[in-house]
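Trainee: Sharing upload-v1.cif (mmCIF, C-alpha atoms (C1' of nucleotides)) below.
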```
data_query
loop_
_atom_site.group_PDB
_atom_site.id
_atom_site.type_symbol
_atom_site.label_atom_id
_atom_site.label_comp_id
_atom_site.auth_asym_id
_atom_site.auth_seq_id
_atom_site.Cartn_x
_atom_site.Cartn_y
_atom_site.Cartn_z
ATOM 1 C CA MET F 1438 -15.222 21.154 43.912
ATOM 2 C CA SER F 1439 -13.755 17.836 43.253
ATOM 3 C CA ASN F 1440 -11.034 16.175 45.180
ATOM 4 C CA LEU F 1441 -9.949 15.084 41.796
ATOM 5 C CA GLU F 1442 -7.953 18.183 41.410
ATOM 6 C CA LEU F 1443 -5.559 17.014 44.054
ATOM 7 C CA ARG F 1444 -4.446 14.197 41.860
ATOM 8 C CA VAL F 1445 -3.436 16.025 38.789
ATOM 9 C CA LEU F 1446 -0.831 18.196 40.343
ATOM 10 C CA GLY F 1447 2.458 17.655 38.699
ATOM 11 C CA GLN F 1448 0.983 16.478 35.465
ATOM 12 C CA ASP F 1449 1.212 18.800 32.550
ATOM 13 C CA ALA F 1450 -2.107 18.037 31.060
ATOM 14 C CA GLU F 1451 -2.271 21.313 29.294
ATOM 15 C CA ALA F 1452 1.038 20.844 27.613
ATOM 16 C CA ALA F 1453 -0.037 17.428 26.429
ATOM 17 C CA ALA F 1454 -3.385 18.627 25.242
ATOM 18 C CA CYS F 1455 -2.077 21.149 22.802
ATOM 19 C CA CYS F 1456 0.211 19.459 20.387
ATOM 20 C CA SER F 1457 1.367 17.158 17.674
ATOM 21 C CA PRO F 1458 -1.379 14.745 16.803
ATOM 22 C CA MET F 1459 -0.071 11.661 15.094
ATOM 23 C CA VAL F 1460 -1.747 12.600 11.871
ATOM 24 C CA ARG F 1461 0.529 15.605 11.534
ATOM 25 C CA GLU F 1462 3.932 14.003 11.512
ATOM 26 C CA PRO F 1463 5.137 10.405 11.727
ATOM 27 C CA LEU F 1464 5.671 9.047 15.205
ATOM 28 C CA ASP F 1465 9.179 7.989 16.015
ATOM 29 C CA GLY F 1466 9.736 4.465 17.270
ATOM 30 C CA GLU F 1467 10.267 5.395 20.864
ATOM 31 C CA ALA F 1468 7.113 7.468 21.162
ATOM 32 C CA ALA F 1469 5.153 4.748 19.390
ATOM 33 C CA LEU F 1470 6.409 2.181 21.862
ATOM 34 C CA GLU F 1471 5.353 4.209 24.857
ATOM 35 C CA LEU F 1472 1.974 5.119 23.399
ATOM 36 C CA ALA F 1473 1.319 1.533 22.395
ATOM 37 C CA LYS F 1474 1.676 0.529 26.029
ATOM 38 C CA MET F 1475 -1.024 2.967 27.026
ATOM 39 C CA PHE F 1476 -3.344 1.884 24.237
ATOM 40 C CA LYS F 1477 -2.692 -1.726 25.152
ATOM 41 C CA ALA F 1478 -3.999 -0.963 28.614
ATOM 42 C CA LEU F 1479 -7.192 0.320 26.995
ATOM 43 C CA ALA F 1480 -7.440 -2.650 24.664
ATOM 44 C CA ASP F 1481 -9.566 -4.791 26.918
ATOM 45 C CA PRO F 1482 -13.299 -4.410 27.495
ATOM 46 C CA ILE F 1483 -13.045 -5.036 31.217
ATOM 47 C CA ARG F 1484 -10.342 -2.411 31.625
ATOM 48 C CA LEU F 1485 -12.329 0.080 29.592
ATOM 49 C CA ARG F 1486 -15.339 -0.485 31.805
ATOM 50 C CA LEU F 1487 -13.207 -0.288 34.932
ATOM 51 C CA LEU F 1488 -11.764 3.017 33.820
ATOM 52 C CA SER F 1489 -15.174 4.338 32.935
ATOM 53 C CA LEU F 1490 -16.604 3.088 36.219
ATOM 54 C CA ILE F 1491 -13.855 4.754 38.207
ATOM 55 C CA ALA F 1492 -14.060 8.030 36.341
ATOM 56 C CA SER F 1493 -17.801 8.295 36.528
ATOM 57 C CA HIS F 1494 -17.992 7.291 40.173
ATOM 58 C CA GLU F 1495 -18.992 10.051 42.540
ATOM 59 C CA GLY F 1496 -16.022 12.013 43.735
ATOM 60 C CA GLY F 1497 -14.017 10.777 40.767
ATOM 61 C CA GLU F 1498 -12.689 7.812 42.639
ATOM 62 C CA ALA F 1499 -13.865 4.334 43.503
ATOM 63 C CA CYS F 1500 -13.039 1.678 46.040
ATOM 64 C CA VAL F 1501 -11.983 -1.693 44.658
ATOM 65 C CA CYS F 1502 -14.952 -3.128 46.480
ATOM 66 C CA ASP F 1503 -17.155 -1.100 44.113
ATOM 67 C CA LEU F 1504 -15.357 -2.498 41.105
ATOM 68 C CA THR F 1505 -15.492 -6.251 41.579
ATOM 69 C CA GLY F 1506 -19.274 -6.536 41.673
ATOM 70 C CA PRO F 1507 -20.205 -5.448 38.135
ATOM 71 C CA PHE F 1508 -18.049 -8.073 36.431
ATOM 72 C CA ASP F 1509 -18.278 -11.788 35.866
ATOM 73 C CA VAL F 1510 -14.627 -12.403 36.562
ATOM 74 C CA SER F 1511 -12.818 -13.256 39.769
ATOM 75 C CA GLN F 1512 -11.333 -10.777 42.230
ATOM 76 C CA PRO F 1513 -7.728 -11.608 41.271
ATOM 77 C CA THR F 1514 -8.592 -10.870 37.672
ATOM 78 C CA ILE F 1515 -9.980 -7.444 38.551
ATOM 79 C CA SER F 1516 -6.901 -6.793 40.641
ATOM 80 C CA HIS F 1517 -4.740 -7.749 37.675
ATOM 81 C CA HIS F 1518 -6.585 -5.377 35.358
ATOM 82 C CA LEU F 1519 -6.272 -2.553 37.859
ATOM 83 C CA LYS F 1520 -2.566 -3.194 37.998
ATOM 84 C CA VAL F 1521 -2.319 -2.953 34.220
ATOM 85 C CA LEU F 1522 -4.136 0.376 34.273
ATOM 86 C CA ARG F 1523 -1.889 1.561 37.079
ATOM 87 C CA GLU F 1524 1.342 0.565 35.346
ATOM 88 C CA ALA F 1525 0.193 2.272 32.179
ATOM 89 C CA GLY F 1526 -0.159 5.497 34.125
ATOM 90 C CA LEU F 1527 -3.872 5.759 33.512
ATOM 91 C CA VAL F 1528 -5.015 5.540 37.111
ATOM 92 C CA GLY F 1529 -3.624 6.277 40.536
ATOM 93 C CA CYS F 1530 -4.462 4.514 43.773
ATOM 94 C CA GLU F 1531 -4.133 4.804 47.500
ATOM 95 C CA ARG F 1532 -4.942 2.644 50.485
ATOM 96 C CA ARG F 1533 -7.120 4.264 53.112
ATOM 97 C CA GLY F 1534 -7.563 1.994 56.063
ATOM 98 C CA THR F 1535 -9.005 -1.259 54.878
ATOM 99 C CA TRP F 1536 -9.904 -0.108 51.413
ATOM 100 C CA VAL F 1537 -7.970 0.849 48.313
ATOM 101 C CA TYR F 1538 -9.237 3.677 46.166
ATOM 102 C CA TYR F 1539 -8.559 4.248 42.481
ATOM 103 C CA TRP F 1540 -8.925 7.399 40.412
ATOM 104 C CA VAL F 1541 -8.288 8.292 36.792
ATOM 105 C CA LEU F 1542 -5.296 10.431 35.842
ATOM 106 C CA PRO F 1543 -6.883 12.921 33.438
ATOM 107 C CA ALA F 1544 -3.616 14.062 31.929
ATOM 108 C CA ALA F 1545 -2.959 10.606 30.560
ATOM 109 C CA LEU F 1546 -6.351 10.398 28.892
ATOM 110 C CA ALA F 1547 -5.958 13.933 27.594
ATOM 111 C CA ARG F 1548 -2.653 13.031 26.036
ATOM 112 C CA LEU F 1549 -4.093 10.088 24.151
ATOM 113 C CA SER F 1550 -7.149 12.069 23.204
ATOM 114 C CA SER F 1551 -5.136 14.881 21.714
ATOM 115 C CA LEU F 1552 -2.894 12.455 19.906
ATOM 116 C CA LEU F 1553 -5.850 11.018 18.039
ATOM 117 C CA GLN F 1554 -7.346 14.363 17.302
ATOM 118 C CA ALA F 1555 -7.073 15.279 13.678
ATOM 119 C CA PRO F 1556 -5.973 18.808 12.927
ATOM 120 C CA ALA F 1557 -9.017 20.962 12.356
ATOM 121 C CA GLY F 1558 -8.579 21.064 8.630
ATOM 122 C CA ALA F 1559 -7.764 17.458 8.091
ATOM 123 C CA SER F 1560 -10.299 15.798 10.246
ATOM 124 C CA ALA F 1561 -13.267 15.615 8.003
ATOM 125 C CA GLY F 1562 -12.439 17.717 5.147
ATOM 126 C CA ALA F 1563 -8.977 16.628 4.787
ATOM 127 C CA ALA F 1564 -6.469 17.397 2.501
ATOM 128 C CA GLY F 1565 -7.360 20.646 1.167
ATOM 129 C CA MET N 1073 -9.032 19.546 -4.063
ATOM 130 C CA SER N 1074 -8.544 16.625 -1.949
ATOM 131 C CA ASN N 1075 -9.289 13.161 -2.873
ATOM 132 C CA LEU N 1076 -9.543 12.461 0.787
ATOM 133 C CA GLU N 1077 -12.824 14.167 1.206
ATOM 134 C CA LEU N 1078 -14.334 11.535 -0.979
ATOM 135 C CA ARG N 1079 -13.591 9.013 1.680
ATOM 136 C CA VAL N 1080 -15.289 10.604 4.601
ATOM 137 C CA LEU N 1081 -18.687 10.739 3.055
ATOM 138 C CA GLY N 1082 -21.073 8.764 5.118
ATOM 139 C CA GLN N 1083 -19.096 9.087 8.296
ATOM 140 C CA ASP N 1084 -20.535 11.268 10.973
ATOM 141 C CA ALA N 1085 -17.337 12.582 12.361
ATOM 142 C CA GLU N 1086 -19.003 15.567 13.859
ATOM 143 C CA ALA N 1087 -21.644 13.572 15.590
ATOM 144 C CA ALA N 1088 -19.023 11.328 17.083
ATOM 145 C CA ALA N 1089 -16.921 14.216 18.221
ATOM 146 C CA CYS N 1090 -19.523 15.725 20.445
ATOM 147 C CA CYS N 1091 -20.633 13.230 22.988
ATOM 148 C CA SER N 1092 -20.485 11.013 25.986
ATOM 149 C CA PRO N 1093 -16.902 10.573 27.075
ATOM 150 C CA MET N 1094 -16.369 7.461 29.117
ATOM 151 C CA VAL N 1095 -15.594 9.483 32.199
ATOM 152 C CA ARG N 1096 -19.153 10.730 32.285
ATOM 153 C CA GLU N 1097 -21.094 7.513 32.570
ATOM 154 C CA PRO N 1098 -20.090 3.851 32.765
ATOM 155 C CA LEU N 1099 -19.668 2.075 29.457
ATOM 156 C CA ASP N 1100 -21.969 -0.827 28.871
ATOM 157 C CA GLY N 1101 -20.435 -4.165 28.005
ATOM 158 C CA GLU N 1102 -21.279 -4.055 24.347
ATOM 159 C CA ALA N 1103 -19.803 -0.627 23.746
ATOM 160 C CA ALA N 1104 -16.717 -1.601 25.709
ATOM 161 C CA LEU N 1105 -16.245 -4.665 23.549
ATOM 162 C CA GLU N 1106 -16.415 -2.684 20.346
ATOM 163 C CA LEU N 1107 -14.166 0.086 21.585
ATOM 164 C CA ALA N 1108 -11.651 -2.402 22.924
ATOM 165 C CA LYS N 1109 -11.289 -3.784 19.413
ATOM 166 C CA MET N 1110 -10.366 -0.369 18.119
ATOM 167 C CA PHE N 1111 -7.921 0.310 20.927
ATOM 168 C CA LYS N 1112 -6.427 -3.132 20.376
ATOM 169 C CA ALA N 1113 -5.649 -2.091 16.834
ATOM 170 C CA LEU N 1114 -3.772 0.894 18.233
ATOM 171 C CA ALA N 1115 -1.983 -1.183 20.832
ATOM 172 C CA ASP N 1116 1.059 -1.991 18.734
ATOM 173 C CA PRO N 1117 3.960 0.342 18.001
ATOM 174 C CA ILE N 1118 4.199 -0.695 14.373
ATOM 175 C CA ARG N 1119 0.516 -0.089 13.800
ATOM 176 C CA LEU N 1120 0.707 3.292 15.500
ATOM 177 C CA ARG N 1121 3.568 4.277 13.275
ATOM 178 C CA LEU N 1122 1.803 2.935 10.195
ATOM 179 C CA LEU N 1123 -1.270 4.961 11.025
ATOM 180 C CA SER N 1124 0.800 8.041 11.649
ATOM 181 C CA LEU N 1125 2.784 7.480 8.478
ATOM 182 C CA ILE N 1126 -0.361 7.126 6.408
ATOM 183 C CA ALA N 1127 -2.083 10.127 7.935
ATOM 184 C CA SER N 1128 0.885 12.407 7.610
ATOM 185 C CA HIS N 1129 1.710 11.320 4.076
ATOM 186 C CA GLU N 1130 1.085 13.879 1.420
ATOM 187 C CA GLY N 1131 -2.436 13.740 0.113
ATOM 188 C CA GLY N 1132 -3.515 11.927 3.245
ATOM 189 C CA GLU N 1133 -2.896 8.539 1.730
ATOM 190 C CA ALA N 1134 0.028 6.239 1.194
ATOM 191 C CA CYS N 1135 0.926 3.340 -1.046
ATOM 192 C CA VAL N 1136 1.862 0.107 0.704
ATOM 193 C CA CYS N 1137 5.177 0.402 -1.039
ATOM 194 C CA ASP N 1138 5.814 3.530 1.028
ATOM 195 C CA LEU N 1139 4.999 1.676 4.216
ATOM 196 C CA THR N 1140 7.205 -1.370 4.118
ATOM 197 C CA GLY N 1141 10.505 0.446 3.949
ATOM 198 C CA PRO N 1142 10.584 2.225 7.314
ATOM 199 C CA PHE N 1143 10.194 -0.964 9.335
ATOM 200 C CA ASP N 1144 12.416 -3.840 10.263
ATOM 201 C CA VAL N 1145 9.757 -6.463 9.722
ATOM 202 C CA SER N 1146 8.818 -8.474 6.666
ATOM 203 C CA GLN N 1147 6.299 -7.503 4.027
ATOM 204 C CA PRO N 1148 3.726 -10.093 5.179
ATOM 205 C CA THR N 1149 3.931 -8.648 8.663
ATOM 206 C CA ILE N 1150 3.192 -5.137 7.414
ATOM 207 C CA SER N 1151 0.348 -6.529 5.367
ATOM 208 C CA HIS N 1152 -0.988 -8.215 8.490
ATOM 209 C CA HIS N 1153 -0.859 -4.994 10.501
ATOM 210 C CA LEU N 1154 -2.610 -3.092 7.739
ATOM 211 C CA LYS N 1155 -5.328 -5.711 7.784
ATOM 212 C CA VAL N 1156 -5.773 -5.263 11.530
ATOM 213 C CA LEU N 1157 -6.124 -1.501 11.078
ATOM 214 C CA ARG N 1158 -8.566 -2.071 8.239
ATOM 215 C CA GLU N 1159 -10.727 -4.506 10.175
ATOM 216 C CA ALA N 1160 -10.825 -2.131 13.126
ATOM 217 C CA GLY N 1161 -12.279 0.512 10.853
ATOM 218 C CA LEU N 1162 -9.357 2.865 11.308
ATOM 219 C CA VAL N 1163 -8.180 2.956 7.704
ATOM 220 C CA GLY N 1164 -9.618 2.430 4.281
ATOM 221 C CA CYS N 1165 -7.855 1.116 1.211
ATOM 222 C CA GLU N 1166 -8.166 0.782 -2.522
ATOM 223 C CA ARG N 1167 -6.190 -0.855 -5.279
ATOM 224 C CA ARG N 1168 -5.193 1.420 -8.153
ATOM 225 C CA GLY N 1169 -3.483 -0.510 -10.841
ATOM 226 C CA THR N 1170 -0.514 -2.267 -9.391
ATOM 227 C CA TRP N 1171 -0.506 -0.440 -6.087
ATOM 228 C CA VAL N 1172 -2.748 -0.409 -3.046
ATOM 229 C CA TYR N 1173 -3.341 2.869 -1.239
ATOM 230 C CA TYR N 1174 -4.339 3.324 2.386
ATOM 231 C CA TRP N 1175 -5.863 6.340 4.118
ATOM 232 C CA VAL N 1176 -7.017 7.073 7.642
ATOM 233 C CA LEU N 1177 -10.709 7.267 8.463
ATOM 234 C CA PRO N 1178 -10.848 10.438 10.539
ATOM 235 C CA ALA N 1179 -14.248 9.711 12.059
ATOM 236 C CA ALA N 1180 -12.894 6.644 13.794
ATOM 237 C CA LEU N 1181 -10.022 8.536 15.356
ATOM 238 C CA ALA N 1182 -12.358 11.363 16.309
ATOM 239 C CA ARG N 1183 -14.643 8.938 18.054
ATOM 240 C CA LEU N 1184 -11.866 7.496 20.176
ATOM 241 C CA SER N 1185 -10.463 10.926 20.828
ATOM 242 C CA SER N 1186 -13.746 12.285 22.100
ATOM 243 C CA LEU N 1187 -14.305 9.214 24.191
ATOM 244 C CA LEU N 1188 -11.115 9.852 26.101
ATOM 245 C CA GLN N 1189 -11.776 13.509 26.465
ATOM 246 C CA ALA N 1190 -12.586 14.440 30.015
ATOM 247 C CA PRO N 1191 -15.468 16.805 30.552
ATOM 248 C CA ALA N 1192 -14.261 20.372 30.747
ATOM 249 C CA GLY N 1193 -14.509 20.542 34.490
ATOM 250 C CA ALA N 1194 -12.763 17.351 35.397
ATOM 251 C CA SER N 1195 -10.069 16.940 32.847
ATOM 252 C CA ALA N 1196 -7.024 18.793 33.629
ATOM 253 C CA GLY N 1197 -8.527 21.714 34.314
ATOM 254 C CA ALA N 1198 -9.173 20.445 37.627
ATOM 255 C CA ALA N 1199 -5.721 21.350 38.647
ATOM 256 C CA GLY N 1200 -6.293 24.980 38.309
ATOM 257 C "C1'" DT Y 970 0.799 -16.392 -23.555
ATOM 258 C "C1'" DC Y 971 4.777 -15.682 -20.033
ATOM 259 C "C1'" DT Y 972 7.301 -12.841 -16.817
ATOM 260 C "C1'" DC Y 973 7.881 -9.460 -13.389
ATOM 261 C "C1'" DT Y 974 6.463 -6.734 -9.520
ATOM 262 C "C1'" DG Y 975 3.415 -5.464 -5.687
ATOM 263 C "C1'" DT Y 976 0.375 -7.155 -2.179
ATOM 264 C "C1'" DA Y 977 -2.339 -10.624 0.434
ATOM 265 C "C1'" DT Y 978 -2.998 -15.132 2.483
ATOM 266 C "C1'" DC Y 979 -1.480 -19.497 4.609
ATOM 267 C "C1'" DG Y 980 0.614 -22.443 8.163
ATOM 268 C "C1'" DA Y 981 3.680 -22.726 11.854
ATOM 269 C "C1'" DC Y 982 5.802 -21.206 15.972
ATOM 270 C "C1'" DA Y 983 7.262 -18.482 20.037
ATOM 271 C "C1'" DG Y 984 5.972 -15.204 23.233
ATOM 272 C "C1'" DA Y 985 2.372 -12.453 25.480
ATOM 273 C "C1'" DC Y 986 -1.983 -12.188 27.829
ATOM 274 C "C1'" DA Y 987 -6.530 -13.168 30.422
ATOM 275 C "C1'" DT Y 988 -8.124 -16.093 33.620
ATOM 276 C "C1'" DC Y 989 -8.414 -18.989 37.626
ATOM 277 C "C1'" DG Y 990 -7.688 -21.092 42.512
ATOM 278 C "C1'" DA Y 991 -4.638 -20.866 46.209
ATOM 279 C "C1'" DT Y 992 -2.344 -18.083 49.109
ATOM 280 C "C1'" DA Y 993 -0.003 -14.001 51.079
ATOM 281 C "C1'" DC Y 994 -0.379 -9.466 52.923
ATOM 282 C "C1'" DA Y 995 -2.665 -5.323 55.282
ATOM 283 C "C1'" DA Y 996 -5.659 -3.316 58.491
ATOM 284 C "C1'" DG Y 997 -9.414 -3.235 61.739
ATOM 285 C "C1'" DA Y 998 -12.180 -5.642 65.473
ATOM 286 C "C1'" DC Y 999 -12.070 -8.331 69.375
ATOM 287 C "C1'" DG I 497 -2.355 -12.071 70.464
ATOM 288 C "C1'" DT I 498 -6.445 -14.227 67.036
ATOM 289 C "C1'" DC I 499 -10.088 -13.674 63.702
ATOM 290 C "C1'" DT I 500 -12.191 -11.502 59.780
ATOM 291 C "C1'" DT I 501 -12.375 -8.858 55.671
ATOM 292 C "C1'" DG I 502 -10.393 -6.471 51.648
ATOM 293 C "C1'" DT I 503 -6.817 -6.573 48.205
ATOM 294 C "C1'" DA I 504 -2.536 -8.193 45.882
ATOM 295 C "C1'" DT I 505 0.536 -11.762 44.287
ATOM 296 C "C1'" DC I 506 1.768 -16.412 42.671
ATOM 297 C "C1'" DG I 507 1.748 -20.367 39.497
ATOM 298 C "C1'" DA I 508 -0.616 -22.834 36.061
ATOM 299 C "C1'" DT I 509 -3.212 -23.083 31.838
ATOM 300 C "C1'" DG I 510 -5.561 -22.137 27.565
ATOM 301 C "C1'" DT I 511 -6.008 -18.649 24.068
ATOM 302 C "C1'" DC I 512 -4.567 -14.800 21.347
ATOM 303 C "C1'" DT I 513 -1.089 -12.296 18.697
ATOM 304 C "C1'" DG I 514 3.210 -10.945 16.130
ATOM 305 C "C1'" DT I 515 6.331 -12.838 13.248
ATOM 306 C "C1'" DC I 516 8.288 -15.464 9.566
ATOM 307 C "C1'" DG I 517 8.970 -18.124 4.965
ATOM 308 C "C1'" DA I 518 6.405 -19.998 1.350
ATOM 309 C "C1'" DT I 519 3.027 -19.230 -1.763
ATOM 310 C "C1'" DA I 520 -1.093 -17.370 -4.104
ATOM 311 C "C1'" DC I 521 -3.252 -13.579 -6.365
ATOM 312 C "C1'" DA I 522 -3.607 -9.122 -9.206
ATOM 313 C "C1'" DG I 523 -2.173 -6.163 -12.665
ATOM 314 C "C1'" DA I 524 1.225 -4.306 -16.140
ATOM 315 C "C1'" DG I 525 4.146 -5.083 -19.868
ATOM 316 C "C1'" DA I 526 6.554 -7.827 -23.433
#
```
Once more with this new file: its structure as structure tokens, please.
Mentor:
Amino acid sequence: MSNLELRVLGQDAEAAACCSPMVREPLDGEAALELAKMFKALADPIRLRLLSLIASHEGGEACVCDLTGPFDVSQPTISHHLKVLREAGLVGCERRGTWVYYWVLPAALARLSSLLQAPAGASAGAAG
Amino acid sequence: MSNLELRVLGQDAEAAACCSPMVREPLDGEAALELAKMFKALADPIRLRLLSLIASHEGGEACVCDLTGPFDVSQPTISHHLKVLREAGLVGCERRGTWVYYWVLPAALARLSSLLQAPAGASAGAAG
DNA sequence: TCTCTGTATCGACAGACATCGATACAAGAC
DNA sequence: GTCTTGTATCGATGTCTGTCGATACAGAGA
């Protein structure tokens, strides 16, 4: 159905989705550094809304021209935020003719999501 | 059993875990602002490791004295990071005698985790 | 009381970041 | 070729953040 599926080739989303939440064993410094970069990209309200806007756009992708309107900041600022999301590996992009299109990389979100997921037992009931 | 379960009373972890990932519909500005604060708390390698260290500690909680050792930064810096995690609603704490204990609030992590979770169709699955 | 230990707060400082206007670059229309 | 439009980059600036040493606060014990 979606053309989204084209984008996730080569990403092992399933592998990432299955394992080692951070509540299970301590993160080592290197992993923490890399993950912090991704969370840092999410740590801005405009970037969160951009990501959400892109992901929920029809077809799973959005033109930059669709993304500058909803915000009260300048075009260079939006472009900067898109670059941050790109460099964090959260979105991909491609120029098609005049326009540039962005889409979310689901594997990256899935990885963060699974990291934060508490193991079934621990989540609410905890320690038992 | 656990002393952790005492801490999750009043938090609707299950309710948070069920709904509205950001890839489904655009986040409004207010929600984005609040979520960005939580992600900002995660956007530092030391804080990620602290959180992971606390969560994976036996009993689900850790004394500050267990948390200062593993890092190359000063005690005030660790205290600062713990405060950031606290104010973001990611951990709770309590003084017991001389020591202060910290534990993770699973509902907060679950909320972020579910937010990032792509809907079944789109997520990774898409690749298949 | 005083002392000792564990933790938090304060004040200062350097580096990182969000934002802007100006400008460069890319592609289509003419 | 030139013009126009869409997007990215540059350079500057104000604000936020991570870090430290110094110090204050809390509780236990003598």
Trainee: Excluding DT972 of chain Y and any residue of its chain fewer than 3 positions from it, enumerate the residues within 12 Å of it, using all atoms listed in the file, and give them as a VMD selection string.
Mentor: chain I and resid 524 to 526
Trainee: Just want the 10 Å neighbourhood of segment 1134-1141 of chain N, counted on only C-alpha atoms (C1' of nucleotides), with same-chain residues fewer than 4 positions away dropped. Output as a ChimeraX atom specification.
Mentor: /N:1121-1123,1125-1130,1145-1151,1154,1165-1168,1171-1176 /Y:975-976
Trainee: Would you mind reading off the distance between atom CA of Gly1169 of chain N and atom C1' of DG980 of chain Y, one decimal, in Å?
Mentor: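 Between atom CA of Gly1169 of chain N and atom C1' of DG980 of chain Y the gap is 29.3 Å.
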Trainee: Could you spell out the hits of the PyMOL selection byres ((chain I) within 10 of (chain F)) on the shown file, as a list of chain:residue names?
Mentor: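 Those residues are I:DT501, I:DG502, I:DT503, I:DA504, I:DT505.
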Trainee: Evaluate the PyMOL selection byres ((chain I and resi 500) around 9) here and jot the selected residues down as a count of residues only.
Mentor: 4
Trainee: With the file shown as input, list the residues that the PyMOL selection byres ((chain Y) within 12 of (chain N)) selects, as a ChimeraX atom specification.
Mentor: /Y:973-979
Trainee: Would you work out the distance separating atom CA of Ser1489 of chain F from atom C1' of DC994 of chain Y, expressed in Å to one decimal?
Mentor: 28.4 Å
Trainee: What is the atom CA of Leu1177 of chain N to atom CA of Glu1102 of chain N distance in Å?
Mentor: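 Value for the atom CA of Leu1177 of chain N-atom CA of Glu1102 of chain N distance: 22.2 Å.
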Trainee: Restricting the calculation to all atoms listed in the file: of N:Phe1143, N:Pro1093, N:Ala1103, N:Pro1117, which residue gets closest to chain F?
Mentor: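 Distance minimum relative to chain F lands on N:Pro1117.
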Trainee: Let me make sure I understand: among N:Leu1184, N:Gly1161, N:Val1156, N:Pro1142, which one has the smallest atom-to-atom distance to chain F if we use all atoms listed in the file?
Mentor: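 Among N:Leu1184, N:Gly1161, N:Val1156, N:Pro1142, it is N:Leu1184 that comes nearest to chain F.
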Trainee: Tell me which protein, DNA and RNA residues are within 12 Å of DA508 of chain I, counting all atoms listed in the file, leaving out same-chain ones fewer than 3 positions away, and put them as a list of chain:residue names.
Mentor: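 Residues near the query, excluding close chain neighbours: Y:DT988, Y:DC989, Y:DG990, Y:DA991.
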Trainee: Between N:Arg1119, N:His1153, N:Arg1183, N:Arg1096, which one has atoms that come closest to chain F, using only C-alpha atoms?
Mentor: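 The shortest atom-to-atom distance to chain F comes from N:Arg1096.
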Trainee: Need the shell around DA983 of chain Y: protein/DNA/RNA residues with any atom at most 12 Å away, counting all atoms listed in the file. Skip same-chain ones fewer than 6 positions apart. Format as a compact mmCIF listing (two decimals) with C-alpha atoms (C1' of nucleotides), keeping the file's coordinate frame?
Mentor:
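Saved file selection.txt follows:
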```txt
# COMPACT_ATOMS: atom_id res chain seq x y z
C1' DT I 513 -1.09 -12.30 18.70
C1' DG I 514 3.21 -10.94 16.13
C1' DT I 515 6.33 -12.84 13.25
C1' DC I 516 8.29 -15.46 9.57
```
Trainee: Go through F:Gly1496, F:Pro1543, F:Leu1522, F:Asp1509 and flag the residue nearest chain N, using all atoms listed in the file for the distances.
Mentor: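 Looking at the shortest contact to chain N, the residue is F:Pro1543.
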Trainee: Take the point (1.5, 2.7, 22.1) in the file's coordinates, draw a sphere of radius 8 Å around it, and report as an NGL selection string every protein, DNA or RNA residue with an atom inside or on it, counting all atoms listed in the file.
Mentor: (:F and (1468-1477)) or (:N and (1114-1117 or 1120))
Trainee: Please produce a file of those selected residues containing C-alpha atoms, as a PDB file, keeping the file's coordinate frame.
Mentor:
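Output file out_18.pdb is given in full below:
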```pdb
ATOM      1  CA  ALA F1468       7.113   7.468  21.162  1.00  0.00           C
ATOM      2  CA  ALA F1469       5.153   4.748  19.390  1.00  0.00           C
ATOM      3  CA  LEU F1470       6.409   2.181  21.862  1.00  0.00           C
ATOM      4  CA  GLU F1471       5.353   4.209  24.857  1.00  0.00           C
ATOM      5  CA  LEU F1472       1.974   5.119  23.399  1.00  0.00           C
ATOM      6  CA  ALA F1473       1.319   1.533  22.395  1.00  0.00           C
ATOM      7  CA  LYS F1474       1.676   0.529  26.029  1.00  0.00           C
ATOM      8  CA  MET F1475      -1.024   2.967  27.026  1.00  0.00           C
ATOM      9  CA  PHE F1476      -3.344   1.884  24.237  1.00  0.00           C
ATOM     10  CA  LYS F1477      -2.692  -1.726  25.152  1.00  0.00           C
TER      11      LYS F1477
ATOM     12  CA  LEU N1114      -3.772   0.894  18.233  1.00  0.00           C
ATOM     13  CA  ALA N1115      -1.983  -1.183  20.832  1.00  0.00           C
ATOM     14  CA  ASP N1116       1.059  -1.991  18.734  1.00  0.00           C
ATOM     15  CA  PRO N1117       3.960   0.342  18.001  1.00  0.00           C
ATOM     16  CA  LEU N1120       0.707   3.292  15.500  1.00  0.00           C
TER      17      LEU N1120
END
```
